[in-house]
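Colleague: Here you go, final00.txt (compact mmCIF, C-alpha atoms):
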# COMPACT_ATOMS: atom_id res chain seq x y z
CA MET A 1 196.90 -104.45 117.14
CA LYS A 2 200.58 -104.78 116.48
CA ASN A 3 202.81 -103.05 118.97
CA ASP A 4 204.67 -100.51 116.81
CA HIS A 5 207.36 -99.92 119.42
CA PRO A 6 208.59 -103.21 120.88
CA PRO A 7 210.24 -103.03 124.30
CA SER A 8 213.68 -101.47 124.13
CA LEU A 9 216.61 -101.78 126.50
CA LYS A 10 215.91 -98.37 128.03
CA HIS A 11 212.37 -99.46 128.93
CA ALA A 12 213.59 -102.77 130.31
CA LEU A 13 215.98 -100.91 132.61
CA LEU A 14 213.65 -98.07 133.55
CA THR A 15 212.11 -99.69 136.60
CA LEU A 16 215.43 -100.79 138.05
CA SER A 17 216.90 -97.35 137.47
CA ILE A 18 214.03 -95.53 139.15
CA VAL A 19 214.16 -97.71 142.25
CA MET A 20 217.90 -97.30 142.62
CA LEU A 21 217.78 -93.55 142.05
CA LEU A 22 215.03 -93.17 144.62
CA ALA A 23 217.07 -94.96 147.28
CA PRO A 24 219.86 -92.56 148.25
CA GLY A 25 220.07 -94.26 151.64
CA LEU A 26 221.01 -97.61 150.10
CA ALA A 27 224.28 -97.66 152.00
CA PHE A 28 222.33 -97.97 155.23
CA ALA A 29 220.80 -101.22 153.98
CA GLN A 30 224.22 -102.64 153.24
CA ALA A 31 225.45 -101.58 156.68
CA THR A 32 222.73 -103.44 158.55
CA LYS A 33 224.39 -105.77 161.04
CA PRO A 34 223.92 -109.48 160.33
CA SER A 35 222.12 -111.51 162.96
CA ASN A 36 224.27 -113.39 165.50
CA LEU A 37 221.48 -115.87 166.16
CA PRO A 38 221.90 -119.53 165.18
CA PRO A 39 220.60 -120.54 161.70
CA GLY A 40 216.82 -120.86 161.65
CA TRP A 41 216.24 -118.53 164.58
CA VAL A 42 214.08 -115.46 164.04
CA PRO A 43 215.66 -112.08 164.93
CA PRO A 44 213.68 -109.87 167.33
CA THR A 45 211.68 -106.96 165.95
CA PRO A 46 212.91 -103.47 166.88
CA VAL A 47 211.21 -101.69 169.75
CA GLY A 48 208.59 -99.25 168.47
CA LEU A 49 208.14 -95.57 169.16
CA VAL A 50 205.39 -96.42 171.67
CA ALA A 51 205.31 -99.20 174.24
CA GLU A 52 203.37 -102.15 172.84
CA PRO A 53 200.26 -103.45 174.65
CA GLU A 54 200.97 -106.83 176.22
CA LEU A 55 197.93 -108.49 174.60
CA LEU A 56 199.05 -107.42 171.12
CA ARG A 57 202.56 -108.71 171.77
CA LYS A 58 201.25 -112.13 172.85
CA LEU A 59 198.88 -112.44 169.90
CA VAL A 60 201.58 -111.60 167.36
CA ASN A 61 204.20 -113.81 168.99
CA ALA A 62 201.74 -116.70 168.90
CA SER A 63 201.68 -116.40 165.09
CA ASP A 64 205.43 -116.93 164.64
CA ALA A 65 205.30 -120.71 164.45
CA SER A 66 202.51 -120.79 161.85
CA THR A 67 203.42 -117.87 159.59
CA SER A 68 207.22 -117.74 159.49
CA GLY A 69 207.96 -117.61 155.79
CA ASP A 70 211.70 -118.26 155.90
CA GLY A 71 211.76 -122.00 156.59
CA GLU A 72 210.41 -125.12 154.87
CA ALA A 73 206.75 -125.83 155.55
CA LYS A 74 205.88 -128.69 157.88
CA ASP A 75 203.88 -131.77 156.92
CA GLY A 76 200.23 -132.10 157.82
CA PRO A 77 197.15 -129.90 157.69
CA TYR A 78 197.52 -126.15 157.22
CA ALA A 79 195.32 -123.13 156.58
CA GLU A 80 195.48 -121.48 153.14
CA LEU A 81 194.96 -117.84 154.13
CA GLY A 82 194.70 -114.50 152.39
CA ASN A 83 196.52 -115.08 149.11
CA MET A 84 193.77 -114.93 146.51
CA ILE A 85 193.78 -112.43 143.64
CA THR A 86 192.96 -108.73 143.70
CA GLY A 87 189.20 -108.26 143.99
CA ALA A 88 188.58 -111.42 146.00
CA GLY A 89 187.96 -109.49 149.21
CA TRP A 90 190.04 -108.73 152.26
CA ILE A 91 190.68 -112.35 153.22
CA SER A 92 190.37 -115.89 151.94
CA ALA A 93 190.64 -119.13 153.86
CA GLY A 94 190.49 -122.86 153.34
CA PRO A 95 191.99 -126.21 154.26
CA GLY A 96 195.23 -127.59 152.90
CA TYR A 97 197.33 -130.67 153.42
CA ARG A 98 200.97 -131.29 152.54
CA GLN A 99 203.09 -134.39 152.93
CA HIS A 100 206.68 -135.22 152.06
CA VAL A 101 207.01 -138.60 150.34
CA LEU A 102 209.80 -140.73 148.80
CA ASP A 103 211.91 -140.39 151.94
CA GLY A 104 211.52 -136.63 151.94
CA ARG A 105 212.60 -136.14 148.33
CA ALA A 106 209.13 -135.16 147.07
CA LEU A 107 206.18 -133.13 148.28
CA VAL A 108 202.45 -133.62 147.66
CA ASP A 109 200.18 -130.66 148.39
CA VAL A 110 196.43 -130.12 147.99
CA SER A 111 194.31 -127.16 149.12
CA ALA A 112 191.10 -125.25 148.57
CA ALA A 113 190.02 -121.76 149.57
CA VAL A 114 187.01 -119.44 149.53
CA SER A 115 187.37 -115.67 149.72
CA TRP A 116 185.29 -112.95 151.35
CA ASN A 117 183.62 -112.31 147.96
CA LEU A 118 183.11 -116.07 147.45
CA TYR A 119 185.88 -116.56 144.91
CA ARG A 120 186.97 -120.20 144.95
CA THR A 121 190.21 -122.01 144.14
CA VAL A 122 191.31 -125.65 144.31
CA GLN A 123 194.82 -126.88 143.56
CA GLY A 124 197.07 -129.89 143.76
CA ARG A 125 200.81 -130.16 143.11
CA PHE A 126 203.65 -132.64 143.14
CA GLU A 127 207.11 -131.23 143.72
CA LEU A 128 210.72 -132.38 143.89
CA PRO A 129 212.27 -129.48 145.83
CA HIS A 130 215.83 -130.73 146.43
CA VAL A 131 217.18 -132.13 143.15
CA ALA A 132 220.87 -131.84 142.18
CA HIS A 133 222.19 -131.08 145.64
CA ASP A 134 219.41 -128.56 146.29
CA ARG A 135 220.18 -126.58 143.12
CA LEU A 136 217.04 -127.62 141.21
CA LEU A 137 213.32 -127.67 141.98
CA LEU A 138 210.87 -129.54 139.69
CA GLY A 139 207.11 -129.61 139.98
CA ALA A 140 203.69 -129.98 138.38
CA GLN A 141 200.44 -128.33 139.41
CA ALA A 142 196.78 -128.28 138.42
CA MET A 143 194.58 -125.38 139.57
CA TYR A 144 190.90 -124.53 139.20
CA GLN A 145 189.57 -121.06 140.00
CA ASP A 146 186.11 -119.48 139.94
CA LEU A 147 186.28 -115.67 140.13
CA LEU A 148 182.79 -114.22 140.46
CA GLN A 149 183.19 -110.45 139.88
CA VAL A 150 186.37 -109.34 138.11
CA GLU A 151 186.14 -105.65 137.22
CA TYR A 152 186.70 -104.05 133.82
CA PHE A 153 186.37 -100.36 132.84
CA GLY A 154 187.46 -100.36 129.20
CA LEU A 155 190.75 -99.77 127.43
CA GLY A 156 193.30 -97.05 128.01
CA ASN A 157 194.52 -94.49 130.47
CA ASP A 158 191.42 -92.37 129.86
CA SER A 159 188.81 -95.08 130.44
CA LEU A 160 185.79 -93.86 132.41
CA ARG A 161 184.84 -94.97 135.89
CA ALA A 162 181.21 -94.69 134.75
CA ASP A 163 181.90 -97.68 132.45
CA GLN A 164 182.62 -99.98 135.39
CA SER A 165 181.53 -103.54 134.67
CA GLY A 166 182.22 -107.05 135.90
CA TYR A 167 182.58 -110.58 134.59
CA ARG A 168 182.80 -114.06 136.02
CA LEU A 169 185.83 -116.12 135.03
CA ASN A 170 186.45 -119.76 135.73
CA ASN A 171 189.27 -121.80 134.28
CA ILE A 172 191.74 -124.62 134.79
CA ASP A 173 195.52 -124.28 134.50
CA VAL A 174 197.76 -127.36 134.22
CA LEU A 175 201.48 -126.65 134.27
CA GLY A 176 204.97 -127.91 134.95
CA TYR A 177 207.66 -125.72 136.46
CA ALA A 178 211.32 -125.69 137.41
CA THR A 179 213.66 -123.41 139.33
CA VAL A 180 217.45 -123.45 139.13
CA ARG A 181 219.13 -121.91 142.18
CA ALA A 182 222.43 -120.45 141.04
CA THR A 183 223.09 -119.06 144.54
CA SER A 184 221.07 -118.57 147.71
CA TRP A 185 219.70 -115.32 146.24
CA LEU A 186 219.86 -115.78 142.43
CA SER A 187 217.50 -118.12 140.57
CA VAL A 188 216.16 -118.87 137.09
CA SER A 189 212.59 -120.19 136.89
CA GLY A 190 210.45 -121.46 134.05
CA ARG A 191 207.02 -122.94 133.58
CA PHE A 192 204.99 -124.37 130.72
CA GLY A 193 201.26 -124.93 130.89
CA TRP A 194 197.91 -125.40 129.21
CA VAL A 195 194.72 -123.45 129.91
CA PRO A 196 191.60 -125.06 128.38
CA GLN A 197 189.06 -122.55 127.11
CA PRO A 198 188.37 -120.15 130.02
CA ASP A 199 184.70 -119.44 130.61
CA LEU A 200 183.58 -115.78 130.78
CA SER A 201 180.03 -115.09 131.93
CA THR A 202 177.80 -112.63 133.78
CA PRO A 203 179.06 -111.61 137.25
CA THR A 204 177.41 -113.31 140.18
CA GLY A 205 177.79 -113.66 143.92
CA PRO A 206 177.03 -111.22 146.73
CA LYS A 207 176.28 -107.57 146.03
CA VAL A 208 176.56 -107.41 142.23
CA ARG A 209 176.22 -103.67 141.60
CA VAL A 210 177.70 -103.32 138.09
CA PRO A 211 176.53 -104.39 134.63
CA SER A 212 178.04 -107.36 132.85
CA THR A 213 181.16 -106.72 130.80
CA ILE A 214 179.65 -109.01 128.14
CA ASP A 215 176.64 -106.69 127.77
CA LEU A 216 178.49 -103.36 128.04
CA PHE A 217 181.52 -103.95 125.79
CA SER A 218 182.18 -105.25 122.29
CA ASP A 219 185.06 -107.30 120.93
CA ILE A 220 186.71 -104.02 119.88
CA SER A 221 186.58 -102.39 123.32
CA ALA A 222 187.22 -105.69 125.13
CA PRO A 223 189.21 -107.98 122.81
CA GLY A 224 188.37 -111.63 123.38
CA ILE A 225 185.02 -110.98 125.03
CA ARG A 226 183.14 -113.11 122.47
CA THR A 227 185.66 -115.93 121.97
CA GLN A 228 187.90 -117.44 124.62
CA PRO A 229 190.45 -119.85 123.13
CA SER A 230 192.61 -122.42 124.85
CA PHE A 231 196.18 -121.30 125.51
CA LEU A 232 199.56 -122.88 125.75
CA HIS A 233 201.71 -120.61 127.88
CA GLY A 234 205.32 -120.51 128.96
CA ASP A 235 207.61 -118.09 130.74
CA VAL A 236 211.18 -117.75 131.97
CA SER A 237 212.19 -115.48 134.87
CA VAL A 238 215.52 -114.41 136.32
CA GLU A 239 215.27 -113.21 139.91
CA ALA A 240 217.71 -111.79 142.42
CA ASP A 241 216.25 -111.70 145.93
CA ARG A 242 218.32 -110.12 148.71
CA ARG A 243 215.43 -109.29 151.06
CA ASN A 244 215.96 -110.32 154.66
CA HIS A 245 212.41 -111.71 154.97
CA PRO A 246 210.18 -112.02 151.85
CA GLY A 247 206.98 -111.89 153.94
CA HIS A 248 207.97 -108.72 155.80
CA PRO A 249 211.14 -107.22 154.30
CA THR A 250 212.96 -104.44 156.14
CA SER A 251 216.21 -104.46 154.16
CA GLY A 252 217.56 -105.69 150.84
CA GLY A 253 215.83 -105.83 147.48
CA ARG A 254 214.20 -108.05 144.88
CA TYR A 255 214.76 -107.75 141.12
CA ARG A 256 212.97 -109.76 138.44
CA ALA A 257 212.87 -109.96 134.63
CA THR A 258 210.38 -112.22 132.83
CA VAL A 259 209.68 -113.20 129.23
CA ALA A 260 206.37 -115.00 128.55
CA LEU A 261 204.59 -116.45 125.52
CA TYR A 262 200.86 -117.14 125.14
CA SER A 263 199.83 -119.23 122.14
CA ASP A 264 196.17 -119.26 121.01
CA ARG A 265 195.32 -122.88 120.09
CA ASP A 266 191.79 -122.26 118.75
CA ALA A 267 190.88 -118.84 117.36
CA GLY A 268 194.34 -118.13 115.97
CA ARG A 269 194.32 -114.40 116.72
CA TYR A 270 195.08 -114.03 120.44
CA SER A 271 198.75 -115.07 120.59
CA PHE A 272 201.20 -112.59 122.10
CA ARG A 273 204.47 -112.12 123.97
CA ARG A 274 204.90 -110.37 127.32
CA TYR A 275 208.01 -108.79 128.87
CA GLU A 276 208.21 -107.72 132.50
CA VAL A 277 210.81 -106.01 134.68
CA GLU A 278 210.19 -105.42 138.38
CA ALA A 279 212.25 -104.17 141.28
CA SER A 280 211.74 -103.41 144.97
CA GLN A 281 214.17 -102.00 147.51
CA PHE A 282 213.90 -101.71 151.30
CA VAL A 283 216.23 -99.25 152.96
CA PRO A 284 216.67 -98.83 156.75
CA LEU A 285 217.17 -95.09 157.36
CA PHE A 286 219.58 -94.55 160.25
CA THR A 287 217.61 -96.97 162.44
CA GLU A 288 215.66 -100.21 162.08
CA LYS A 289 212.56 -98.35 163.23
CA TRP A 290 212.39 -96.37 159.97
CA VAL A 291 212.33 -98.05 156.56
CA ALA A 292 211.93 -96.52 153.11
CA ALA A 293 210.39 -98.92 150.58
CA PHE A 294 210.37 -98.49 146.79
CA HIS A 295 208.74 -100.53 144.04
CA GLY A 296 208.72 -100.28 140.26
CA TRP A 297 207.09 -102.55 137.67
CA GLU A 298 206.79 -102.36 133.88
CA VAL A 299 204.95 -104.77 131.58
CA PHE A 300 205.06 -104.80 127.77
CA SER A 301 202.95 -106.77 125.28
CA ASP A 302 203.99 -107.57 121.73
CA THR A 303 201.81 -109.16 119.04
CA SER A 304 202.26 -110.28 115.46
CA SER A 305 200.29 -108.59 112.70
CA GLY A 306 196.56 -109.26 113.07
CA ASP A 307 196.76 -110.60 116.63
CA VAL A 308 195.48 -108.86 119.76
CA VAL A 309 195.87 -109.40 123.51
CA PRO A 310 192.66 -110.61 125.22
CA PHE A 311 191.42 -107.99 127.68
CA TYR A 312 191.60 -110.41 130.62
CA LEU A 313 195.32 -110.95 129.92
CA MET A 314 196.17 -107.29 129.38
CA PRO A 315 198.33 -105.57 132.02
CA SER A 316 196.15 -103.66 134.46
CA LEU A 317 196.51 -101.08 137.22
CA GLY A 318 194.55 -100.29 140.35
CA GLY A 319 193.84 -101.85 143.70
CA LYS A 320 195.68 -103.15 146.73
CA ASN A 321 199.18 -103.39 145.21
CA THR A 322 199.46 -100.56 142.67
CA LEU A 323 197.23 -97.45 142.57
CA ARG A 324 195.63 -97.70 145.99
CA GLY A 325 193.38 -94.68 145.44
CA TYR A 326 191.58 -96.40 142.53
CA ASP A 327 189.29 -99.40 142.09
CA ASP A 328 190.64 -102.87 141.41
CA TYR A 329 191.69 -103.39 137.75
CA ARG A 330 190.86 -99.74 137.01
CA PHE A 331 193.04 -99.36 133.87
CA HIS A 332 193.80 -101.91 131.11
CA ASP A 333 195.98 -101.76 128.00
CA ASN A 334 198.80 -103.57 126.20
CA ASN A 335 201.54 -101.92 128.29
CA MET A 336 201.76 -100.76 131.89
CA GLN A 337 204.08 -99.08 134.37
CA ALA A 338 203.67 -98.65 138.13
CA PHE A 339 205.78 -97.00 140.83
CA SER A 340 205.31 -96.82 144.59
CA ALA A 341 207.23 -95.32 147.50
CA GLU A 342 206.54 -95.82 151.19
CA SER A 343 207.94 -94.53 154.45
CA ARG A 344 207.35 -96.93 157.33
CA TRP A 345 207.88 -96.32 161.06
CA ALA A 346 207.73 -98.88 163.87
CA LEU A 347 204.81 -97.49 165.89
CA PHE A 348 204.80 -100.55 168.16
CA ALA A 349 207.23 -103.44 167.95
CA HIS A 350 204.74 -105.32 165.75
CA VAL A 351 202.77 -102.46 164.15
CA ASP A 352 204.20 -100.11 161.49
CA ALA A 353 202.62 -96.84 160.42
CA ALA A 354 203.17 -95.94 156.76
CA VAL A 355 202.59 -93.14 154.28
CA PHE A 356 202.73 -93.92 150.57
CA ALA A 357 202.52 -92.50 147.08
CA ASP A 358 201.67 -94.48 143.92
CA ALA A 359 201.88 -93.53 140.25
CA GLY A 360 201.39 -95.36 136.98
CA LYS A 361 199.79 -95.48 133.56
CA VAL A 362 198.80 -97.83 130.76
CA GLY A 363 199.17 -97.37 127.01
CA PRO A 364 198.62 -99.18 123.69
CA ARG A 365 202.31 -98.87 122.73
CA ALA A 366 205.50 -99.31 124.70
CA GLY A 367 206.54 -95.83 123.61
CA ASP A 368 203.54 -94.39 125.47
CA LEU A 369 205.10 -95.29 128.82
CA ASP A 370 206.75 -92.13 130.12
CA PHE A 371 206.30 -89.73 133.02
CA THR A 372 203.48 -87.66 131.51
CA HIS A 373 199.78 -88.08 132.34
CA LEU A 374 200.51 -90.47 135.20
CA LYS A 375 197.64 -91.57 137.39
CA LYS A 376 198.52 -90.83 141.02
CA SER A 377 197.32 -91.80 144.47
CA TYR A 378 198.57 -91.28 147.98
CA GLY A 379 197.59 -92.31 151.46
CA ALA A 380 198.52 -93.89 154.78
CA GLY A 381 198.19 -97.24 156.46
CA LEU A 382 199.11 -99.66 159.21
CA ARG A 383 200.93 -103.02 158.98
CA VAL A 384 200.66 -105.65 161.72
CA HIS A 385 203.52 -108.14 161.50
CA ASN A 386 205.71 -110.60 163.29
CA ALA A 387 209.44 -110.80 162.59
CA THR A 388 209.11 -112.43 159.16
CA SER A 389 205.53 -112.03 157.87
CA THR A 390 202.90 -109.34 157.37
CA LEU A 391 199.77 -110.49 159.22
CA LEU A 392 197.37 -107.65 158.42
CA ARG A 393 197.57 -104.48 156.34
CA ALA A 394 195.12 -101.57 156.18
CA ASP A 395 195.67 -98.85 153.56
CA VAL A 396 193.55 -95.77 152.92
CA GLY A 397 194.32 -94.29 149.48
CA HIS A 398 193.08 -91.17 147.73
CA SER A 399 192.98 -90.15 144.06
CA VAL A 400 190.91 -87.86 141.84
CA GLU A 401 188.28 -90.62 141.93
CA GLY A 402 187.92 -90.51 145.71
CA TRP A 403 188.98 -92.60 148.70
CA ARG A 404 189.58 -96.35 148.88
CA LEU A 405 190.15 -98.65 151.86
CA TYR A 406 192.06 -101.88 151.40
CA ILE A 407 192.43 -104.45 154.17
CA LYS A 408 194.76 -107.31 153.25
CA VAL A 409 196.99 -109.95 154.81
CA SER A 410 200.08 -109.44 152.63
CA ASP A 411 202.87 -106.94 152.04
CA PRO A 412 201.80 -104.18 149.59
CA PHE A 413 204.49 -104.99 147.01
CA LYS A 414 203.68 -108.71 146.92
CA ARG A 415 201.46 -110.05 144.18
CA SER A 416 199.00 -112.67 145.37
CA THR A 417 200.72 -116.06 145.36
CA PRO A 418 199.10 -118.89 147.30
CA ALA A 419 201.20 -120.57 149.97
CA SER A 420 200.29 -123.80 148.18
CA GLY A 421 202.24 -122.99 145.01
CA ARG A 422 202.21 -121.00 141.78
CA SER A 423 199.42 -118.57 140.95
CA ALA A 424 197.24 -118.96 137.88
CA VAL A 425 198.13 -116.96 134.76
CA ILE A 426 194.56 -115.82 133.94
CA PRO A 427 193.56 -113.06 134.54
CA PHE A 428 196.47 -110.63 134.74
CA VAL A 429 196.54 -109.52 138.39
CA PRO A 430 197.99 -106.14 139.43
If you took the structure in this file and wrote it as structure tokens, what would it be?
Modeller:
Amino acid sequence: MKNDHPPSLKHALLTLSIVMLLAPGLAFAQATKPSNLPPGWVPPTPVGLVAEPELLRKLVNASDASTSGDGEAKDGPYAELGNMITGAGWISAGPGYRQHVLDGRALVDVSAAVSWNLYRTVQGRFELPHVAHDRLLLGAQAMYQDLLQVEYFGLGNDSLRADQSGYRLNNIDVLGYATVRATSWLSVSGRFGWVPQPDLSTPTGPKVRVPSTIDLFSDISAPGIRTQPSFLHGDVSVEADRRNHPGHPTSGGRYRATVALYSDRDAGRYSFRRYEVEASQFVPLFTEKWVAAFHGWEVFSDTSSGDVVPFYLMPSLGGKNTLRGYDDYRFHDNNMQAFSAESRWALFAHVDAAVFADAGKVGPRAGDLDFTHLKKSYGAGLRVHNATSTLLRADVGHSVEGWRLYIKVSDPFKRSTPASGRSAVIPFVP
């Protein structure tokens, strides 16, 4: 279906505008005192509202050396932990090995991981991270993934939970990528890759409780369910990242705009363009013990006449990072918007309590994205962290469809990106 209302400037700016308007305390973030510690040192976490148990303090402090996300990774074996896609389960783990070569000018990295729900990934990459006086990063990566039970409920904002289904997806993605660092916080990234025909089949693995998407849906209600072509894909992103610590931000913000192209190389009817704008802002409110966090994300799809977006590449909502009171991948359509707001307090020095509210919707046309008929959820949670990384997150969310519990090892506004490199482009992951 052709998108009758291609993304306009007002839609492209909507997410950024909402985040900025929701952050009246932004001046407090700008007034945060810079650290006086030497470069590379980690600033101490603020003292919490309650005295922290000594055992908890020791356990969290012991993680600093292995999880600090602000420095360059060390050579040798490492653990690939907790960064698999939505639906993989609360944790994933596996071995990895990285080694700098060519007198430190290049990096070779290989890893594999298995998740709680037995999803599997294997990847290898070769990277030149410090080209042109550290202004340019070049790399190539090959990734295989086998996702056993990806959920699908049908198209649209009014899809029924009773139509819950699942499918197995395994595919290979081979890509090259580059990042130009204009400044320490502003970058332009691009990648170009090839995905051989992805394989969709009946869900498998532990505790399969839903029917197969292949049996329940047709090519009309799940475009691309019968034919999965090979894709050439490419995207360009501009990103401004002023967060103090990407793994556990307490001040600053991140802003991203992306344009992507997917070209069907076989069937000739599944080519499309995608436009994304995303923003997050973290605002200390009067004290470092209290942080307001805001996130907004909009995704638009555009097709030529006669082409459609495959359902597994459609924007989707629901799960650990968006509508936390709904199932994973609960809503699919050509276009999507999502907003979240959190208030976080330092309960202990290394444990934050949080309350949150999420809202969002999907629609067949870009013009359908507005503030009517939003799906909403709200809830509370805990975040265990060291100074620079979120170690464990537990969120309990509620919506009209009931309660959901999500236990993860990443910040709630962070899409799953393996420590070993770029994430795969199929499926679309909320």
Colleague: Give as a ChimeraX atom specification every residue, naming chains and numbers as the document does, that has an atom within 6 Å of (190.8, -103.3, 156.5), counting all atoms listed in the file.
Modeller: /A:394,406-407
Colleague: Which value, in Å to one decimal, gives the distance between atom CA of A:Gly318 and atom CA of A:Ser251?
Modeller: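 Those two atoms sit 26.0 Å apart.
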Colleague: Write out as a PDB file with C-alpha atoms, keeping the file's coordinate frame each polymer residue whose atoms come within 6 Å of A:Val110, counting all atoms listed in the file; drop sequence neighbours fewer than 3 positions from it.
Modeller:
ATOM      1  CA  GLY A  96     195.230-127.590 152.900  1.00  0.00           C
ATOM      2  CA  TYR A  97     197.330-130.670 153.420  1.00  0.00           C
ATOM      3  CA  GLN A 123     194.820-126.880 143.560  1.00  0.00           C
ATOM      4  CA  GLY A 124     197.070-129.890 143.760  1.00  0.00           C
TER       5      GLY A 124
END
Colleague: Which of these, A:Trp194, A:Arg161, A:Arg242, A:Phe356, has the shortest distance to A:Gly402 once you count all atoms listed in the file?
Modeller: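 Answer, going by the shortest atom-to-atom distance: A:Arg161.
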Colleague: Using all atoms listed in the file, which residues sit within 12 Å of stretch 232-238 of chain A once same-chain residues fewer than 2 positions away are excluded, as a VMD selection string?
Modeller: chain A and resid 173 to 182 185 to 197 229 to 230 240 to 241 254 to 266 270 to 279 313 424 to 426
Colleague: Starting from the point (208.6, -94.4, 163.0), work out which residues of protein, DNA or RNA have an atom no more than 6 Å away when counting all atoms listed in the file; state them as number ranges by chain.
Modeller: A: 289-290, 345-347
Colleague: List the neighbours of A:Ser111 out to 10 Å using all atoms listed in the file; skip same-chain residues closer than 2 positions along the sequence, and give me the result as a ChimeraX atom specification.
Modeller: /A:77-80,94-98,109,113,121-125,143,418-421
Colleague: Find the distance between atom CA of A:Ile225 and atom CA of A:Ser115 and write it in Å to one decimal.
Modeller: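 According to the coordinates, atom CA of A:Ile225 and atom CA of A:Ser115 are separated by 25.2 Å.
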Colleague: Rounded to one decimal, what separation in Å do you get between atom CA of A:Asp75 and atom CA of A:Leu107?
Modeller: 9.0 Å
Colleague: Here is a test: counting only C-alpha atoms, which residue of A:Gly363, A:Ala387, A:Lys408, A:His350 is nearest to A:Leu55?
Modeller: A:His350
Colleague: Would you mind telling me which residue in A:Tyr152, A:Phe428, A:Trp403, A:Phe348 lies nearest to A:Asn335 when using only C-alpha atoms?
Modeller: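 Going through A:Tyr152, A:Phe428, A:Trp403, A:Phe348 one by one, the smallest distance to A:Asn335 is for A:Phe428.
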Colleague: So that I can check the surroundings of stretch 371-384 of chain A, please list as a ChimeraX atom specification every protein, DNA and RNA residue that reaches within 6 Å of it, counting all atoms listed in the file and ignoring chain neighbours fewer than 5 positions away.
Modeller: /A:323,325,350-361,391-399
Colleague: Quick one: everything within 7 Å of A:Pro198, counting only C-alpha atoms, minus sequence neighbours fewer than 2 positions away in the same chain. Send it as an NGL selection string.
Modeller: :A and (169-171 or 196 or 200 or 228)
